[in-house]
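These notes concern the structure reproduced below.
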Amino acid sequence: DQQRALERMQTGIALLEQDIKCRRAFAVMNQAMLMQWQVADNNKGSPKPAQVYQWRPFQLAFILMALESTARENSSERDTLDLIWFPTGGGKTEAYLGLMAFAFVLRRLLYPGSGAGTAAIMRYTLRLLTTQQFLRANRVMMALELIRRDAASFSSGLGDSPFSSGIWVGNATSPNHFEEARGLVERGMFSKLVLQACPWCDTPFKAENYVAGEHDFYFCCTHPECDFGRHPAPYNRLPCNVVDEALYKDPPTLLISTVDKFARFAWEARASVFLGGEHRRAPELVIQDE
C-alpha cells in the first residue's frame, strides 16, 4: 500500500546516507544514466546541458523503494515482487535500468572477487520486444563500461571484467554457434546478427564491424569520434554479444532472453554459467517485462 511504499523509500534514503558503498553505487548509476541520455540526444543532433536531465518522480520513487532489498541479501523484502506499471512510453524501462545499474556496481564493490558474471536476467515473452529491449539496454551497459575503464574516475575499482549485455534467444533471431555467426558474416547477412549500428554512437555498421572467428565473435566500432571506436583494438570491442556460444564462454552482466529460451536450461548444461558458479555469484535480479 501507499504507506508501506513510503516507508520503503525512506529506508532506501537512509541506506544511502549510512552506507558509503551504496551511496557510491547510486552515484555511479546516476552518472551512467546521465551519460546514456546525453549521448542519445547528441546522436540525434540535439545536445543539452546536464541540468535539463531529471528523473521522473515515479522512476526515482521506484528505485528508492527497491533499493534496500536490492542491496541487502537478508532484507525482509526479498520475497516481495516489486511491480511497476505506467502507460507505454512513460518511462518504466528507465526505472528498472537504473535499479539494475545500481545493483551491478554495488555487487562489484561488495564482492570484488566474485562480482563478475551474470548479475541480472530480463525475461520477455516476444522475440521482437526482447530484441528492442536489448538494443535499449546496451547504451546503459556501455556507459557503465566507460566509467569502469576510466581509472581516474571516482568509480575506479569496479574490477577487470567488462560490464556487458547479451541476448539469448532462438537462432531465428540470432546465431547459436560461432560457425553460424561466421557464415552469416561471410555471406553479408548482417541483419541476422541483431546489431546494425554502434549502440553508443549510432554509426551504421559495415562488414569490418563484425569480427567472427572459429572460436569467437564480437562487434567493434571504428568511428574515430566514438568513445569506443577511437581506441585501437581490442579496446574498440563493444561489450555486448548475440551468439549463444560467446555468452556461455563469457557470461554477460545483463542477460536478456525470452521465456521459452529458458526451457533450454533443462537440456543445455553450458547455460548454468548464467546462474553463478566458477567463483561467480548468482544473479541479483530477475525482471519479467510485459
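By order of appearance in the C-alpha cells: chains A, B, ..., then residues from 1 within every chain, and ligands from 1 in the order shown.
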Exercise: Leu16 (chain A) partners within 10 Å, only C-alpha atoms, chain neighbours under 4 positions left out, as a CSV table (one decimal) with N, CA and C atoms, in the first residue's frame:
```
chain,number,residue,atom,x,y,z
A,10,GLN,N,11.9,5.6,2.4
A,10,GLN,CA,12.6,6.2,3.5
A,10,GLN,C,13.8,5.3,3.9
A,11,THR,N,13.5,4.0,3.9
A,11,THR,CA,14.6,3.0,4.2
A,11,THR,C,15.7,3.1,3.2
A,12,GLY,N,15.3,3.3,1.9
A,12,GLY,CA,16.3,3.4,0.8
A,12,GLY,C,17.2,4.7,1.0
A,20,ILE,N,28.5,3.9,2.6
A,20,ILE,CA,29.3,4.6,1.6
A,20,ILE,C,29.3,3.8,0.3
A,21,LYS,N,29.3,2.5,0.3
A,21,LYS,CA,29.3,1.7,-0.9
A,21,LYS,C,28.0,1.8,-1.7
A,22,CYS,N,26.9,1.8,-0.9
A,22,CYS,CA,25.6,2.1,-1.6
A,22,CYS,C,25.5,3.5,-2.2
A,23,ARG,N,26.0,4.4,-1.4
A,23,ARG,CA,26.0,5.8,-1.9
A,23,ARG,C,26.9,5.9,-3.2
A,24,ARG,N,28.0,5.3,-3.2
A,24,ARG,CA,28.9,5.3,-4.4
A,24,ARG,C,28.2,4.6,-5.6
A,25,ALA,N,27.6,3.5,-5.3
A,25,ALA,CA,26.9,2.8,-6.4
A,25,ALA,C,25.8,3.6,-7.0
A,26,PHE,N,25.1,4.3,-6.1
A,26,PHE,CA,23.9,5.2,-6.5
A,26,PHE,C,24.5,6.3,-7.4
A,27,ALA,N,25.6,6.9,-7.0
A,27,ALA,CA,26.2,8.0,-7.7
A,27,ALA,C,26.7,7.5,-9.1
A,64,LEU,N,14.2,4.0,-5.2
A,64,LEU,CA,14.4,4.2,-3.8
A,64,LEU,C,13.7,3.1,-3.0
A,67,LEU,N,15.6,-0.2,-3.3
A,67,LEU,CA,17.0,-0.1,-3.1
A,67,LEU,C,17.5,-1.0,-2.0
A,68,GLU,N,16.8,-1.0,-0.8
A,68,GLU,CA,17.3,-1.8,0.3
A,68,GLU,C,17.2,-3.3,0.0
```
Interface rows for region 94-160 of chain A against region 28-37 of chain A: nearest pair, Å to one decimal, 6 Å, only C-alpha atoms, as CSV:
```
residue,atom,partner,partner_atom,distance
A:Ala101,CA,A:Met29,CA,5.4
A:Phe102,CA,A:Met29,CA,5.2
A:Arg139,CA,A:Gln36,CA,5.8
A:Val140,CA,A:Gln36,CA,5.8
A:Ala143,CA,A:Ala32,CA,5.1
A:Leu144,CA,A:Ala32,CA,5.6
```
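Nearest residue to Glu268 (chain A), choosing from A:Pro204, A:Arg237, A:Cys220, A:Asn176 and counting only C-alpha atoms: A:Asn176.
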Next on the checklist: Which residues are near His177 (chain A)? Cut-off 12 Å, only C-alpha atoms, ignore same chain within fewer than 3 positions. Put them as a PyMOL selection string.
Outcome noted: chain A and resi 168+170-171+174+180-184+193+212-217+241-249
Next on the checklist: Going by DSSP on the backbone, which residues of region 90-164 of chain A come out as helix (DSSP H, G or I)? List them as a count of residues only.
Outcome noted: 42
Item to check | Closest of A:Ser75, A:Thr93, A:Thr125, A:Thr222 to Phe58 (chain A) - atom-to-atom distances counting only C-alpha atoms | outcome: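 Counting only C-alpha atoms, the residue closest to Phe58 (chain A) is A:Thr93.
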Checklist entry - Could you pull the residues within 9 Å of Asp227 (chain A), counting only C-alpha atoms, minus those fewer than 4 positions along the same chain, as a PyMOL selection string? => result chain A and resi 146+200-201+223+231+236
Once you have the residues from the selection above, write them out as a PDB file, in the first residue's frame, restricted to N, CA and C atoms.
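Written out: result.pdb:
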```
ATOM      1  N   LEU A 146      32.308   2.361 -19.835  1.00  0.00           N
ATOM      2  CA  LEU A 146      33.201   3.515 -19.990  1.00  0.00           C
ATOM      3  C   LEU A 146      33.625   4.052 -18.624  1.00  0.00           C
ATOM      4  N   TRP A 200      26.373   2.989 -29.131  1.00  0.00           N
ATOM      5  CA  TRP A 200      26.813   4.208 -28.444  1.00  0.00           C
ATOM      6  C   TRP A 200      26.777   5.428 -29.360  1.00  0.00           C
ATOM      7  N   CYS A 201      27.328   5.306 -30.581  1.00  0.00           N
ATOM      8  CA  CYS A 201      27.414   6.478 -31.460  1.00  0.00           C
ATOM      9  C   CYS A 201      26.437   6.431 -32.631  1.00  0.00           C
ATOM     10  N   HIS A 223      34.426   4.099 -35.626  1.00  0.00           N
ATOM     11  CA  HIS A 223      34.233   5.542 -35.833  1.00  0.00           C
ATOM     12  C   HIS A 223      35.224   6.315 -34.967  1.00  0.00           C
ATOM     13  N   HIS A 231      39.493   4.128 -30.025  1.00  0.00           N
ATOM     14  CA  HIS A 231      40.590   3.352 -29.453  1.00  0.00           C
ATOM     15  C   HIS A 231      40.991   2.222 -30.402  1.00  0.00           C
ATOM     16  N   ASN A 236      38.301  -1.193 -28.863  1.00  0.00           N
ATOM     17  CA  ASN A 236      37.107  -0.785 -29.604  1.00  0.00           C
ATOM     18  C   ASN A 236      36.055  -1.884 -29.638  1.00  0.00           C
TER      19      ASN A 236
END
```
Checklist entry - CA of Thr258 (chain A) to CA of Ser69 (chain A): how many Å, to one decimal? => result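 Interatomic distance here is 25.3 Å.
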Next on the checklist: Please return, as JSON, numbers by chain, all residues of region 27-165 of chain A that DSSP assigns to strand (DSSP E or B) on the basis of the backbone.
Outcome noted: {"A": [120, 121, 122, 123, 124, 165]}
Please dump the current selection as a JSON list (two decimals), in the first residue's frame; keep N, CA and C atoms.
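Below you can see out26.json, which holds the result:
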```json
[["chain", "number", "residue", "atom", "x", "y", "z"],
["A", 120, "ALA", "N", 21.99, -9.91, -13.54],
["A", 120, "ALA", "CA", 20.54, -9.71, -13.70],
["A", 120, "ALA", "C", 20.07, -10.42, -14.96],
["A", 121, "ILE", "N", 18.85, -10.93, -14.89],
["A", 121, "ILE", "CA", 18.21, -11.60, -16.01],
["A", 121, "ILE", "C", 16.90, -10.87, -16.31],
["A", 122, "MET", "N", 16.72, -10.50, -17.57],
["A", 122, "MET", "CA", 15.47, -9.88, -18.01],
["A", 122, "MET", "C", 14.76, -10.85, -18.95],
["A", 123, "ARG", "N", 13.49, -11.12, -18.67],
["A", 123, "ARG", "CA", 12.75, -12.10, -19.47],
["A", 123, "ARG", "C", 11.56, -11.43, -20.16],
["A", 124, "TYR", "N", 11.38, -11.79, -21.41],
["A", 124, "TYR", "CA", 10.26, -11.26, -22.20],
["A", 124, "TYR", "C", 9.52, -12.41, -22.85],
["A", 165, "SER", "N", 26.36, -6.93, -21.93],
["A", 165, "SER", "CA", 24.99, -7.39, -22.12],
["A", 165, "SER", "C", 24.98, -8.48, -23.18]]
```
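Each of A:Asp160, A:Gln288, A:Arg187, A:Lys48 was checked against Ser114 (chain A) using only C-alpha atoms; the smallest atom-to-atom distance is that of A:Asp160.
Near Ala197 (chain A), within 10 Å and counting only C-alpha atoms, sit Leu135, Val194, Leu195, Pro199, Trp200, Cys201, Asp202, Thr203, Pro204, Phe205, Lys206, Asn209, Phe219, Cys220 and Cys221 of chain A; same-chain residues fewer than 2 positions away were not included.
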For those residues, write N, CA, C and O atoms to a file as a PDB file, in the first residue's frame.
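Wrote it out as part39.pdb, contents follow:
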```
ATOM      1  N   LEU A 135      18.604  -3.759 -27.488  1.00  0.00           N
ATOM      2  CA  LEU A 135      19.189  -2.573 -28.113  1.00  0.00           C
ATOM      3  C   LEU A 135      19.124  -1.381 -27.155  1.00  0.00           C
ATOM      4  O   LEU A 135      20.064  -0.578 -27.087  1.00  0.00           O
ATOM      5  N   VAL A 194      21.598  -9.026 -35.285  1.00  0.00           N
ATOM      6  CA  VAL A 194      20.870  -8.125 -34.380  1.00  0.00           C
ATOM      7  C   VAL A 194      21.345  -6.671 -34.471  1.00  0.00           C
ATOM      8  O   VAL A 194      20.558  -5.768 -34.768  1.00  0.00           O
ATOM      9  N   LEU A 195      22.623  -6.413 -34.210  1.00  0.00           N
ATOM     10  CA  LEU A 195      23.115  -5.036 -34.221  1.00  0.00           C
ATOM     11  C   LEU A 195      23.434  -4.583 -35.644  1.00  0.00           C
ATOM     12  O   LEU A 195      24.204  -5.239 -36.344  1.00  0.00           O
ATOM     13  N   PRO A 199      25.694   0.853 -30.738  1.00  0.00           N
ATOM     14  CA  PRO A 199      24.702   1.322 -29.774  1.00  0.00           C
ATOM     15  C   PRO A 199      25.082   2.646 -29.118  1.00  0.00           C
ATOM     16  O   PRO A 199      24.206   3.345 -28.601  1.00  0.00           O
ATOM     17  N   TRP A 200      26.373   2.989 -29.131  1.00  0.00           N
ATOM     18  CA  TRP A 200      26.813   4.208 -28.444  1.00  0.00           C
ATOM     19  C   TRP A 200      26.777   5.428 -29.360  1.00  0.00           C
ATOM     20  O   TRP A 200      26.260   6.472 -28.986  1.00  0.00           O
ATOM     21  N   CYS A 201      27.328   5.306 -30.581  1.00  0.00           N
ATOM     22  CA  CYS A 201      27.414   6.478 -31.460  1.00  0.00           C
ATOM     23  C   CYS A 201      26.437   6.431 -32.631  1.00  0.00           C
ATOM     24  O   CYS A 201      26.351   7.389 -33.402  1.00  0.00           O
ATOM     25  N   ASP A 202      25.715   5.338 -32.778  1.00  0.00           N
ATOM     26  CA  ASP A 202      24.713   5.160 -33.835  1.00  0.00           C
ATOM     27  C   ASP A 202      25.302   5.112 -35.241  1.00  0.00           C
ATOM     28  O   ASP A 202      24.565   5.231 -36.222  1.00  0.00           O
ATOM     29  N   THR A 203      26.611   4.925 -35.374  1.00  0.00           N
ATOM     30  CA  THR A 203      27.213   4.819 -36.701  1.00  0.00           C
ATOM     31  C   THR A 203      26.854   3.478 -37.322  1.00  0.00           C
ATOM     32  O   THR A 203      27.070   2.432 -36.700  1.00  0.00           O
ATOM     33  N   PRO A 204      26.284   3.478 -38.538  1.00  0.00           N
ATOM     34  CA  PRO A 204      25.914   2.209 -39.184  1.00  0.00           C
ATOM     35  C   PRO A 204      27.118   1.281 -39.337  1.00  0.00           C
ATOM     36  O   PRO A 204      28.225   1.729 -39.640  1.00  0.00           O
ATOM     37  N   PHE A 205      26.873  -0.003 -39.127  1.00  0.00           N
ATOM     38  CA  PHE A 205      27.937  -0.997 -39.239  1.00  0.00           C
ATOM     39  C   PHE A 205      28.205  -1.371 -40.691  1.00  0.00           C
ATOM     40  O   PHE A 205      27.304  -1.356 -41.537  1.00  0.00           O
ATOM     41  N   LYS A 206      29.453  -1.736 -40.944  1.00  0.00           N
ATOM     42  CA  LYS A 206      29.877  -2.337 -42.200  1.00  0.00           C
ATOM     43  C   LYS A 206      30.439  -3.717 -41.860  1.00  0.00           C
ATOM     44  O   LYS A 206      30.466  -4.131 -40.702  1.00  0.00           O
ATOM     45  N   ASN A 209      32.858  -4.284 -38.929  1.00  0.00           N
ATOM     46  CA  ASN A 209      32.394  -4.173 -37.547  1.00  0.00           C
ATOM     47  C   ASN A 209      31.978  -5.507 -36.939  1.00  0.00           C
ATOM     48  O   ASN A 209      31.710  -5.585 -35.734  1.00  0.00           O
ATOM     49  N   PHE A 219      31.451  -7.567 -31.753  1.00  0.00           N
ATOM     50  CA  PHE A 219      31.253  -6.349 -32.520  1.00  0.00           C
ATOM     51  C   PHE A 219      32.358  -5.358 -32.149  1.00  0.00           C
ATOM     52  O   PHE A 219      32.838  -5.348 -31.007  1.00  0.00           O
ATOM     53  N   CYS A 220      32.729  -4.513 -33.081  1.00  0.00           N
ATOM     54  CA  CYS A 220      33.649  -3.426 -32.761  1.00  0.00           C
ATOM     55  C   CYS A 220      33.182  -2.171 -33.486  1.00  0.00           C
ATOM     56  O   CYS A 220      32.488  -2.242 -34.509  1.00  0.00           O
ATOM     57  N   CYS A 221      33.522  -1.024 -32.942  1.00  0.00           N
ATOM     58  CA  CYS A 221      33.215   0.253 -33.584  1.00  0.00           C
ATOM     59  C   CYS A 221      34.523   0.838 -34.114  1.00  0.00           C
ATOM     60  O   CYS A 221      35.563   0.742 -33.458  1.00  0.00           O
TER      61      CYS A 221
END
```
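By chain and then residue number, the residues within 12 Å of Asp79 (chain A) are Ala66, Ser69, Thr70, Glu73, Asn74 and Leu285 of chain A, counting only C-alpha atoms and disregarding those fewer than 5 positions away in sequence.
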Selection above as a file: N, CA, C and O atoms, as a compact mmCIF listing (two decimals), in the first residue's frame:
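Result written to result.txt:
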```txt
# COMPACT_ATOMS: atom_id res chain seq x y z
N ALA A 66 12.95 0.08 -3.99
CA ALA A 66 13.56 -1.25 -4.15
C ALA A 66 15.03 -1.28 -3.76
O ALA A 66 15.66 -2.34 -3.84
N SER A 69 16.13 -3.74 -0.60
CA SER A 69 16.02 -5.17 -0.88
C SER A 69 16.99 -5.60 -1.96
O SER A 69 17.39 -6.77 -2.02
N THR A 70 17.41 -4.67 -2.82
CA THR A 70 18.42 -4.97 -3.84
C THR A 70 19.80 -5.04 -3.21
O THR A 70 20.62 -5.89 -3.58
N GLU A 73 21.04 -8.82 1.13
CA GLU A 73 20.58 -10.18 0.90
C GLU A 73 19.60 -10.65 1.98
O GLU A 73 18.74 -11.49 1.71
N ASN A 74 19.73 -10.14 3.19
CA ASN A 74 18.87 -10.56 4.29
C ASN A 74 17.64 -9.67 4.46
O ASN A 74 16.95 -9.74 5.48
N LEU A 285 19.05 -10.01 -9.62
CA LEU A 285 17.72 -9.57 -10.01
C LEU A 285 17.18 -10.41 -11.15
O LEU A 285 17.93 -10.81 -12.05
```
Item to check | Nearest candidate to Ala271 (chain A) (options A:Glu208, A:Thr118, A:Met189, A:Arg136; using only C-alpha atoms) | outcome: A:Thr118
